[in-house]
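With compact mmCIF, C-alpha atoms inside, this is upload.txt:
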```
# COMPACT_ATOMS: atom_id res chain seq x y z
CA MET A 1 -39.14 0.30 -5.57
CA ASN A 2 -37.56 -2.06 -3.07
CA ALA A 3 -34.51 -0.18 -1.85
CA PRO A 4 -32.41 -2.32 0.50
CA LYS A 5 -32.84 -1.12 4.10
CA GLU A 6 -29.20 -1.47 5.11
CA ASN A 7 -28.18 0.62 2.14
CA ASN A 8 -30.09 3.81 2.89
CA LYS A 9 -27.60 6.28 1.40
CA THR A 10 -28.01 5.17 -2.17
CA LEU A 11 -30.32 3.13 -4.29
CA ARG A 12 -27.42 1.62 -6.17
CA ARG A 13 -27.28 -2.15 -5.83
CA PRO A 14 -24.25 -3.34 -7.82
CA TYR A 15 -24.17 -6.94 -8.96
CA LYS A 16 -21.12 -8.51 -7.37
CA VAL A 17 -19.77 -11.77 -8.70
CA GLU A 18 -18.41 -13.78 -5.84
CA GLN A 19 -15.37 -15.91 -6.56
CA LYS A 20 -14.11 -18.49 -4.12
CA PRO A 21 -10.32 -18.86 -3.69
CA LEU A 22 -10.46 -22.41 -5.10
CA TRP A 23 -12.28 -21.38 -8.33
CA TRP A 24 -9.49 -22.99 -10.38
CA LEU A 25 -10.53 -26.47 -9.22
CA ASP A 26 -13.91 -26.16 -10.99
CA ASN A 27 -12.70 -26.61 -14.53
CA SER A 28 -9.82 -28.49 -16.12
CA TYR A 29 -8.74 -25.47 -18.20
CA TYR A 30 -8.36 -23.32 -15.08
CA PHE A 31 -6.69 -26.23 -13.28
CA ARG A 32 -4.07 -26.59 -16.02
CA TYR A 33 -3.55 -22.83 -15.86
CA MET A 34 -2.80 -23.12 -12.13
CA ILE A 35 -0.45 -26.08 -12.73
CA ARG A 36 1.40 -23.95 -15.30
CA GLU A 37 1.69 -21.07 -12.84
CA SER A 38 2.83 -23.35 -10.01
CA THR A 39 5.77 -24.68 -12.07
CA SER A 40 7.35 -21.40 -10.94
CA LEU A 41 7.47 -22.63 -7.31
CA ILE A 42 9.75 -25.53 -8.28
CA VAL A 43 11.79 -23.31 -10.60
CA LEU A 44 12.21 -20.88 -7.68
CA ILE A 45 13.63 -23.66 -5.48
CA TYR A 46 15.91 -24.79 -8.30
CA GLY A 47 17.06 -21.22 -8.95
CA LEU A 48 17.94 -20.80 -5.27
CA VAL A 49 19.92 -24.07 -5.37
CA ILE A 50 21.92 -22.64 -8.31
CA VAL A 51 22.49 -19.32 -6.48
CA VAL A 52 23.79 -21.28 -3.47
CA GLY A 53 26.05 -23.24 -5.87
CA LEU A 54 27.50 -19.97 -7.16
CA LEU A 55 28.06 -18.80 -3.57
CA ARG A 56 29.79 -22.10 -2.70
CA LEU A 57 31.98 -21.73 -5.79
CA THR A 58 33.24 -18.38 -4.47
CA GLN A 59 34.01 -20.00 -1.10
CA GLY A 60 36.63 -22.37 -2.47
CA PRO A 61 37.12 -25.99 -3.64
CA TYR A 62 36.02 -27.62 -0.38
CA MET A 63 32.66 -25.81 -0.24
CA TRP A 64 32.11 -26.36 -3.99
CA GLN A 65 32.69 -30.10 -3.62
CA GLY A 66 30.17 -30.13 -0.76
CA TRP A 67 27.56 -28.48 -2.99
CA VAL A 68 28.22 -30.96 -5.84
CA GLU A 69 27.82 -33.91 -3.44
CA THR A 70 24.63 -32.45 -1.94
CA VAL A 71 22.89 -31.81 -5.27
CA SER A 72 23.87 -35.20 -6.67
CA SER A 73 22.82 -37.16 -3.58
CA PRO A 74 19.90 -39.61 -3.95
CA LEU A 75 17.83 -37.50 -1.51
CA MET A 76 17.80 -34.65 -4.03
CA PHE A 77 16.65 -36.87 -6.91
CA PRO A 78 12.90 -36.24 -6.41
CA LEU A 79 13.55 -32.48 -6.69
CA HIS A 80 15.42 -32.96 -9.97
CA LEU A 81 12.66 -35.16 -11.36
CA LEU A 82 9.98 -32.65 -10.32
CA ALA A 83 12.08 -29.79 -11.73
CA LEU A 84 12.44 -31.58 -15.09
CA LEU A 85 8.67 -32.13 -15.30
CA ALA A 86 8.09 -28.48 -14.32
CA VAL A 87 10.47 -26.96 -16.88
CA VAL A 88 9.27 -29.23 -19.69
CA TYR A 89 5.61 -28.43 -18.91
CA HIS A 90 6.53 -24.75 -18.76
CA ALA A 91 8.28 -25.04 -22.15
CA TYR A 92 5.24 -26.86 -23.62
CA THR A 93 2.86 -24.08 -22.51
CA TRP A 94 5.34 -21.33 -23.46
CA PHE A 95 5.79 -22.69 -27.00
CA LYS A 96 2.00 -23.09 -27.39
CA LEU A 97 1.65 -19.35 -26.69
CA ALA A 98 4.56 -18.37 -28.94
CA PRO A 99 2.54 -18.20 -32.22
CA ARG A 100 0.09 -15.76 -30.56
CA ILE A 101 2.96 -13.48 -29.57
CA MET A 102 4.87 -13.64 -32.83
CA ALA A 103 2.49 -13.84 -35.74
CA LEU A 104 5.14 -14.57 -38.38
CA ARG A 105 4.75 -13.89 -42.08
CA ILE A 106 7.16 -15.18 -44.67
CA SER A 107 6.87 -13.39 -48.04
CA GLY A 108 3.42 -12.19 -47.12
CA LYS A 109 2.02 -15.57 -46.12
CA PRO A 110 1.23 -16.26 -42.46
CA VAL A 111 3.26 -19.09 -40.93
CA SER A 112 1.02 -21.68 -39.28
CA ASP A 113 0.89 -21.93 -35.48
CA GLN A 114 2.19 -25.50 -35.58
CA LYS A 115 5.31 -24.48 -37.52
CA VAL A 116 6.15 -21.71 -35.03
CA GLU A 117 5.57 -24.11 -32.14
CA TRP A 118 7.71 -26.86 -33.69
CA ALA A 119 10.48 -24.38 -34.50
CA HIS A 120 10.64 -23.54 -30.79
CA TRP A 121 10.86 -27.22 -29.84
CA ILE A 122 13.65 -27.81 -32.37
CA VAL A 123 15.66 -24.83 -31.07
CA MET A 124 15.07 -25.98 -27.47
CA LEU A 125 16.25 -29.53 -28.21
CA GLY A 126 19.29 -28.19 -30.08
CA VAL A 127 20.22 -25.87 -27.19
CA THR A 128 19.72 -28.69 -24.67
CA VAL A 129 21.90 -31.17 -26.58
CA ALA A 130 24.61 -28.53 -27.16
CA CYS A 131 24.66 -27.49 -23.47
CA LEU A 132 24.79 -31.13 -22.31
CA LEU A 133 27.67 -31.90 -24.70
CA VAL A 134 29.66 -28.85 -23.59
CA ALA A 135 29.00 -29.54 -19.90
CA SER A 136 29.82 -33.27 -20.16
CA CYS A 137 33.07 -32.56 -21.98
CA GLY A 138 34.20 -30.35 -19.10
CA GLY A 139 33.17 -27.02 -20.58
CA ALA A 140 31.32 -26.44 -17.28
CA LEU A 141 27.93 -24.90 -17.93
CA LEU A 142 27.24 -25.56 -14.21
CA MET B 1 -12.67 14.46 -29.80
CA SER B 2 -11.48 17.66 -28.10
CA ASP B 3 -15.02 18.52 -27.05
CA LEU B 4 -14.77 15.75 -24.46
CA ASN B 5 -12.42 18.01 -22.53
CA VAL B 6 -14.82 20.98 -22.46
CA GLY B 7 -15.59 21.85 -18.88
CA ARG B 8 -12.55 20.05 -17.52
CA THR B 9 -10.59 22.30 -15.19
CA THR B 10 -7.57 20.05 -14.91
CA ALA B 11 -5.89 17.80 -17.45
CA LYS B 12 -6.48 14.11 -16.95
CA GLU B 13 -3.51 12.53 -15.24
CA TYR B 14 -2.03 9.42 -16.72
CA HIS B 15 0.07 7.15 -14.57
CA ARG B 16 2.98 5.26 -15.95
CA SER B 17 2.55 1.54 -15.39
CA HIS B 18 5.38 -0.64 -14.13
CA GLU B 19 3.86 -3.55 -16.06
CA PRO B 20 5.94 -3.31 -19.31
CA ILE B 21 9.24 -3.52 -17.39
CA VAL B 22 8.05 -6.32 -15.14
CA TRP B 23 6.50 -8.21 -18.03
CA SER B 24 9.61 -8.01 -20.22
CA LEU B 25 11.71 -9.43 -17.37
CA PHE B 26 9.04 -12.13 -16.88
CA GLY B 27 9.08 -12.90 -20.61
CA ALA B 28 12.87 -13.08 -20.75
CA GLY B 29 12.78 -15.44 -17.76
CA GLY B 30 10.14 -17.59 -19.45
CA MET B 31 12.48 -17.97 -22.44
CA VAL B 32 15.41 -18.90 -20.18
CA VAL B 33 13.37 -21.46 -18.24
CA ALA B 34 12.07 -23.00 -21.48
CA PHE B 35 15.35 -23.03 -23.45
CA LEU B 36 18.21 -23.28 -20.92
CA MET B 37 16.80 -24.81 -17.72
CA PRO B 38 16.02 -28.28 -19.14
CA ALA B 39 19.74 -28.81 -19.90
CA VAL B 40 20.75 -27.60 -16.42
CA VAL B 41 18.25 -29.90 -14.70
CA ILE B 42 19.18 -32.90 -16.88
CA PHE B 43 22.88 -32.29 -16.29
CA ILE B 44 22.79 -31.81 -12.50
CA GLY B 45 19.85 -34.07 -11.75
CA PHE B 46 20.53 -36.94 -14.11
CA PHE B 47 24.02 -36.89 -15.63
CA LEU B 48 25.74 -36.01 -12.33
CA SER B 49 23.40 -37.78 -9.90
CA LEU B 50 23.35 -41.05 -11.86
CA GLY B 51 27.10 -40.90 -12.49
CA LEU B 52 26.74 -40.69 -16.29
CA VAL B 53 29.55 -38.14 -16.45
CA ASP B 54 32.93 -38.12 -14.82
CA ASN B 55 33.11 -35.99 -11.66
CA ASP B 56 36.03 -34.14 -13.29
CA ALA B 57 33.46 -32.40 -15.49
CA VAL B 58 32.44 -30.35 -12.44
CA SER B 59 35.84 -30.08 -10.77
CA PHE B 60 36.45 -26.79 -8.94
CA GLU B 61 39.22 -25.76 -11.38
CA ARG B 62 37.02 -26.23 -14.44
CA VAL B 63 33.93 -24.52 -13.06
CA ILE B 64 35.87 -21.58 -11.58
CA GLY B 65 37.66 -21.23 -14.93
CA PHE B 66 34.29 -21.10 -16.69
CA ALA B 67 32.82 -18.63 -14.18
CA SER B 68 35.92 -16.42 -14.52
CA SER B 69 35.52 -16.01 -18.29
CA TRP B 70 33.32 -13.24 -19.64
CA TRP B 71 31.12 -15.70 -21.54
CA GLY B 72 30.72 -17.86 -18.43
CA LYS B 73 29.68 -14.81 -16.40
CA CYS B 74 27.21 -13.80 -19.13
CA TYR B 75 25.74 -17.30 -19.27
CA LEU B 76 25.32 -17.52 -15.49
CA ALA B 77 23.79 -14.02 -15.25
CA ILE B 78 21.35 -14.82 -18.09
CA LEU B 79 20.49 -18.19 -16.54
CA ILE B 80 19.77 -16.86 -13.05
CA ILE B 81 18.57 -13.23 -13.14
CA PRO B 82 15.61 -13.33 -15.60
CA THR B 83 14.54 -16.62 -14.00
CA LEU B 84 14.25 -14.94 -10.60
CA TYR B 85 11.99 -12.21 -12.02
CA HIS B 86 9.97 -14.82 -13.92
CA VAL B 87 9.16 -16.84 -10.81
CA ALA B 88 8.57 -13.69 -8.70
CA HIS B 89 6.01 -12.44 -11.24
CA ARG B 90 4.23 -15.79 -11.51
CA ILE B 91 4.06 -16.44 -7.78
CA PHE B 92 2.88 -12.86 -7.13
CA HIS B 93 0.07 -13.15 -9.67
CA GLY B 94 -0.72 -16.74 -8.66
CA LEU B 95 -1.25 -15.62 -5.07
CA HIS B 96 -3.47 -12.80 -6.36
CA ASP B 97 -5.51 -15.40 -8.27
CA MET B 98 -5.95 -17.32 -5.03
CA HIS B 99 -7.14 -14.13 -3.34
CA VAL B 100 -3.93 -13.62 -1.37
CA LYS B 101 -3.46 -9.92 -2.03
CA GLY B 102 -1.54 -8.84 1.01
CA PRO B 103 -1.70 -5.50 2.79
CA GLY B 104 -1.08 -2.74 0.23
CA SER B 105 1.84 -3.47 -2.06
CA LEU B 106 3.73 -5.59 0.49
CA LEU B 107 3.68 -8.71 -1.72
CA ALA B 108 4.84 -6.80 -4.80
CA ILE B 109 7.71 -5.28 -2.82
CA LEU B 110 8.54 -8.69 -1.35
CA PHE B 111 8.65 -10.55 -4.70
CA TYR B 112 10.05 -7.95 -7.11
CA GLY B 113 12.29 -6.45 -4.41
CA GLY B 114 13.47 -9.90 -3.36
CA SER B 115 14.39 -10.88 -6.92
CA THR B 116 16.17 -7.54 -7.38
CA LEU B 117 18.22 -8.07 -4.20
CA LEU B 118 19.09 -11.64 -5.21
CA SER B 119 20.06 -10.43 -8.69
CA ILE B 120 22.41 -7.83 -7.19
CA PHE B 121 23.87 -10.58 -4.98
CA VAL B 122 24.46 -12.81 -8.05
CA LEU B 123 26.14 -9.94 -9.94
CA TYR B 124 28.29 -9.26 -6.87
CA LEU B 125 29.35 -12.92 -6.72
CA LEU B 126 30.11 -13.04 -10.45
CA TRP B 127 32.04 -9.76 -10.17
CA GLY B 128 34.21 -11.25 -7.43
CA ILE B 129 35.18 -14.40 -9.37
CA GLY B 130 38.46 -14.26 -11.29
```
Let me see the file written as structure tokens.
Amino acid sequence: MNAPKENNKTLRRPYKVEQKPLWWLDNSYYFRYMIRESTSLIVLIYGLVIVVGLLRLTQGPYMWQGWVETVSSPLMFPLHLLALLAVVYHAYTWFKLAPRIMALRISGKPVSDQKVEWAHWIVMLGVTVACLLVASCGGALL
Amino acid sequence: MSDLNVGRTTAKEYHRSHEPIVWSLFGAGGMVVAFLMPAVVIFIGFFLSLGLVDNDAVSFERVIGFASSWWGKCYLAILIIPTLYHVAHRIFHGLHDMHVKGPGSLLAILFYGGSTLLSIFVLYLLWGIG
């Protein structure tokens, strides 16, 4: 048959699917997947800010105060806003996947995906309110 | 199915995958980011920045007192360490998805090694407080 000339060692002609690096822009499902993955970039920056805060705390009151003033300055506000959107979007996608990971059964009956998802949201809101109350009342959760 | 092995001179070698360890750290981090991070971001970014809480709430004495207690150390370690592995795993695989694969395992060493080093640094800092 028609063996390719440049490939004279073997007749094998594998079918290769080419994928361009921007494949995730082609389809809204893939795009949302990439948005979900890129929340980690903002979380990384936020995590590093917290690590620096811990370092400043070990360096004494003056350095700690400097960190508090830096993170609460108006210049940092866009980062906080972006970080809030990122963690909430992350939580939304994480809780959507939760029912697939834990297929719960209560007395033999499967619990619906919505119930598992809502349970996660309720726990998350409870934890958030509790942490904010403790932190605001001087219990210092950072 | 033992007849499949007839004619084999050596036993098939199976390699242990690092994936279960990496994925469990990623999963733990995903939980922390979903459950604990929103409160941290709202507190620092909104309550503190907009002056909704008194600055005394984050005074050095209070925060160092919290970070000196065993529960404070546990909270801070749980907040930071799994999160570092979570983001390392996602950025590593995200780059792979965008065809940035790096020479050999350089990127894997960079991301997982980097989060391990930072985690050790965090534990060292927490160890030194109080």
Within 9 Å of A:Thr128 using all atoms listed in the file, minus same-chain residues under 2 positions, as a PDB file with C-alpha atoms, in the frame of the given file:
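Here's the written file part34.pdb:
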```
ATOM      1  CA  VAL A 123      15.660 -24.830 -31.070  1.00  0.00           C
ATOM      2  CA  MET A 124      15.070 -25.980 -27.470  1.00  0.00           C
ATOM      3  CA  LEU A 125      16.250 -29.530 -28.210  1.00  0.00           C
ATOM      4  CA  GLY A 126      19.290 -28.190 -30.080  1.00  0.00           C
ATOM      5  CA  ALA A 130      24.610 -28.530 -27.160  1.00  0.00           C
ATOM      6  CA  CYS A 131      24.660 -27.490 -23.470  1.00  0.00           C
ATOM      7  CA  LEU A 132      24.790 -31.130 -22.310  1.00  0.00           C
ATOM      8  CA  LEU A 133      27.670 -31.900 -24.700  1.00  0.00           C
TER       9      LEU A 133
ATOM     10  CA  PHE B  35      15.350 -23.030 -23.450  1.00  0.00           C
ATOM     11  CA  LEU B  36      18.210 -23.280 -20.920  1.00  0.00           C
ATOM     12  CA  MET B  37      16.800 -24.810 -17.720  1.00  0.00           C
ATOM     13  CA  PRO B  38      16.020 -28.280 -19.140  1.00  0.00           C
ATOM     14  CA  ALA B  39      19.740 -28.810 -19.900  1.00  0.00           C
ATOM     15  CA  VAL B  40      20.750 -27.600 -16.420  1.00  0.00           C
ATOM     16  CA  ILE B  42      19.180 -32.900 -16.880  1.00  0.00           C
TER      17      ILE B  42
END
```
message: If we count all atoms listed in the file and set the cut-off at 8 Å, which residues sit around stretch 56-59 of chain A, ignoring sequence neighbours fewer than 3 positions away in its own chain? Please answer as a ChimeraX atom specification.
response: /A:52-53,62-64,67 /B:60,64,125,128-129
Those same residues - C-alpha atoms - I'd like them written as a PDB file, in the frame of the given file.
```pdb
ATOM      1  CA  VAL A  52      23.790 -21.280  -3.470  1.00  0.00           C
ATOM      2  CA  GLY A  53      26.050 -23.240  -5.870  1.00  0.00           C
ATOM      3  CA  TYR A  62      36.020 -27.620  -0.380  1.00  0.00           C
ATOM      4  CA  MET A  63      32.660 -25.810  -0.240  1.00  0.00           C
ATOM      5  CA  TRP A  64      32.110 -26.360  -3.990  1.00  0.00           C
ATOM      6  CA  TRP A  67      27.560 -28.480  -2.990  1.00  0.00           C
TER       7      TRP A  67
ATOM      8  CA  PHE B  60      36.450 -26.790  -8.940  1.00  0.00           C
ATOM      9  CA  ILE B  64      35.870 -21.580 -11.580  1.00  0.00           C
ATOM     10  CA  LEU B 125      29.350 -12.920  -6.720  1.00  0.00           C
ATOM     11  CA  GLY B 128      34.210 -11.250  -7.430  1.00  0.00           C
ATOM     12  CA  ILE B 129      35.180 -14.400  -9.370  1.00  0.00           C
TER      13      ILE B 129
END
```
So which residues touch A:Pro74 within 10 Å, counting only C-alpha atoms, skipping near sequence neighbours fewer than 4 positions away, as a compact mmCIF listing (two decimals) with C-alpha atoms, keeping the file's coordinate frame?
```txt
# COMPACT_ATOMS: atom_id res chain seq x y z
CA GLU A 69 27.82 -33.91 -3.44
CA THR A 70 24.63 -32.45 -1.94
CA PRO A 78 12.90 -36.24 -6.41
CA LEU A 79 13.55 -32.48 -6.69
CA GLY B 45 19.85 -34.07 -11.75
CA SER B 49 23.40 -37.78 -9.90
CA LEU B 50 23.35 -41.05 -11.86
```
- prompt: To one decimal place, how far is atom CA of B:Leu107 from atom CA of B:His89 in Å?
  reply: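 So the answer is 10.5 Å.
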- request: Grab the atom CA of A:Pro110 to atom CA of B:Ser24 distance for me, in Å with one decimal place.
  value: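 Calculated distance between atom CA of A:Pro110 and atom CA of B:Ser24 is 25.2 Å.
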- line: What separates atom CA of B:Gly51 and atom CA of A:Tyr92 is a distance of 28.3 Å
Residue nearest chain A among B:Phe26, B:Ala57, B:Glu13, B:Pro20 (counting all atoms listed in the file):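 When distances to chain A are compared using all atoms listed in the file, the smallest one comes from B:Ala57.
Using only C-alpha atoms, the shortest contact distance between B:Arg62 and any of A:Pro21, A:Gly47, A:Pro14, A:Pro61 is found at A:Pro61.
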Please supply stretch 100-112 of chain A, rebuilt with N, CA, C and O atoms, as a short mmCIF file (atom, residue, chain, number, x, y, z; two decimals), in the frame of the given file.
```
data_model
loop_
_atom_site.label_atom_id
_atom_site.label_comp_id
_atom_site.auth_asym_id
_atom_site.auth_seq_id
_atom_site.Cartn_x
_atom_site.Cartn_y
_atom_site.Cartn_z
N ARG A 100 0.98 -16.89 -30.82
CA ARG A 100 0.09 -15.76 -30.56
C ARG A 100 0.91 -14.49 -30.39
O ARG A 100 0.44 -13.40 -30.67
N ILE A 101 2.12 -14.64 -29.84
CA ILE A 101 2.96 -13.48 -29.57
C ILE A 101 3.68 -13.05 -30.84
O ILE A 101 3.74 -11.88 -31.16
N MET A 102 4.26 -14.03 -31.57
CA MET A 102 4.87 -13.64 -32.83
C MET A 102 4.11 -14.25 -34.00
O MET A 102 4.30 -15.41 -34.33
N ALA A 103 3.24 -13.42 -34.57
CA ALA A 103 2.49 -13.84 -35.74
C ALA A 103 3.40 -13.63 -36.95
O ALA A 103 3.48 -12.54 -37.49
N LEU A 104 4.13 -14.69 -37.32
CA LEU A 104 5.14 -14.57 -38.38
C LEU A 104 4.51 -14.60 -39.76
O LEU A 104 3.52 -15.28 -40.00
N ARG A 105 5.13 -13.82 -40.67
CA ARG A 105 4.75 -13.89 -42.08
C ARG A 105 6.02 -14.05 -42.88
O ARG A 105 6.99 -13.35 -42.65
N ILE A 106 6.01 -15.02 -43.78
CA ILE A 106 7.16 -15.18 -44.67
C ILE A 106 6.67 -14.91 -46.08
O ILE A 106 5.73 -15.55 -46.55
N SER A 107 7.27 -13.94 -46.74
CA SER A 107 6.87 -13.39 -48.04
C SER A 107 5.34 -13.23 -48.12
O SER A 107 4.69 -13.71 -49.03
N GLY A 108 4.82 -12.55 -47.11
CA GLY A 108 3.42 -12.19 -47.12
C GLY A 108 2.46 -13.25 -46.61
O GLY A 108 1.33 -12.96 -46.25
N LYS A 109 2.93 -14.50 -46.56
CA LYS A 109 2.02 -15.57 -46.12
C LYS A 109 2.20 -15.86 -44.64
O LYS A 109 3.34 -15.99 -44.17
N PRO A 110 1.10 -15.96 -43.89
CA PRO A 110 1.23 -16.26 -42.46
C PRO A 110 1.78 -17.67 -42.24
O PRO A 110 1.41 -18.61 -42.94
N VAL A 111 2.70 -17.78 -41.27
CA VAL A 111 3.26 -19.09 -40.93
C VAL A 111 2.30 -19.75 -39.94
O VAL A 111 1.84 -19.10 -39.00
N SER A 112 2.01 -21.02 -40.14
CA SER A 112 1.02 -21.68 -39.28
C SER A 112 1.53 -21.80 -37.84
O SER A 112 2.74 -21.84 -37.59
#
```
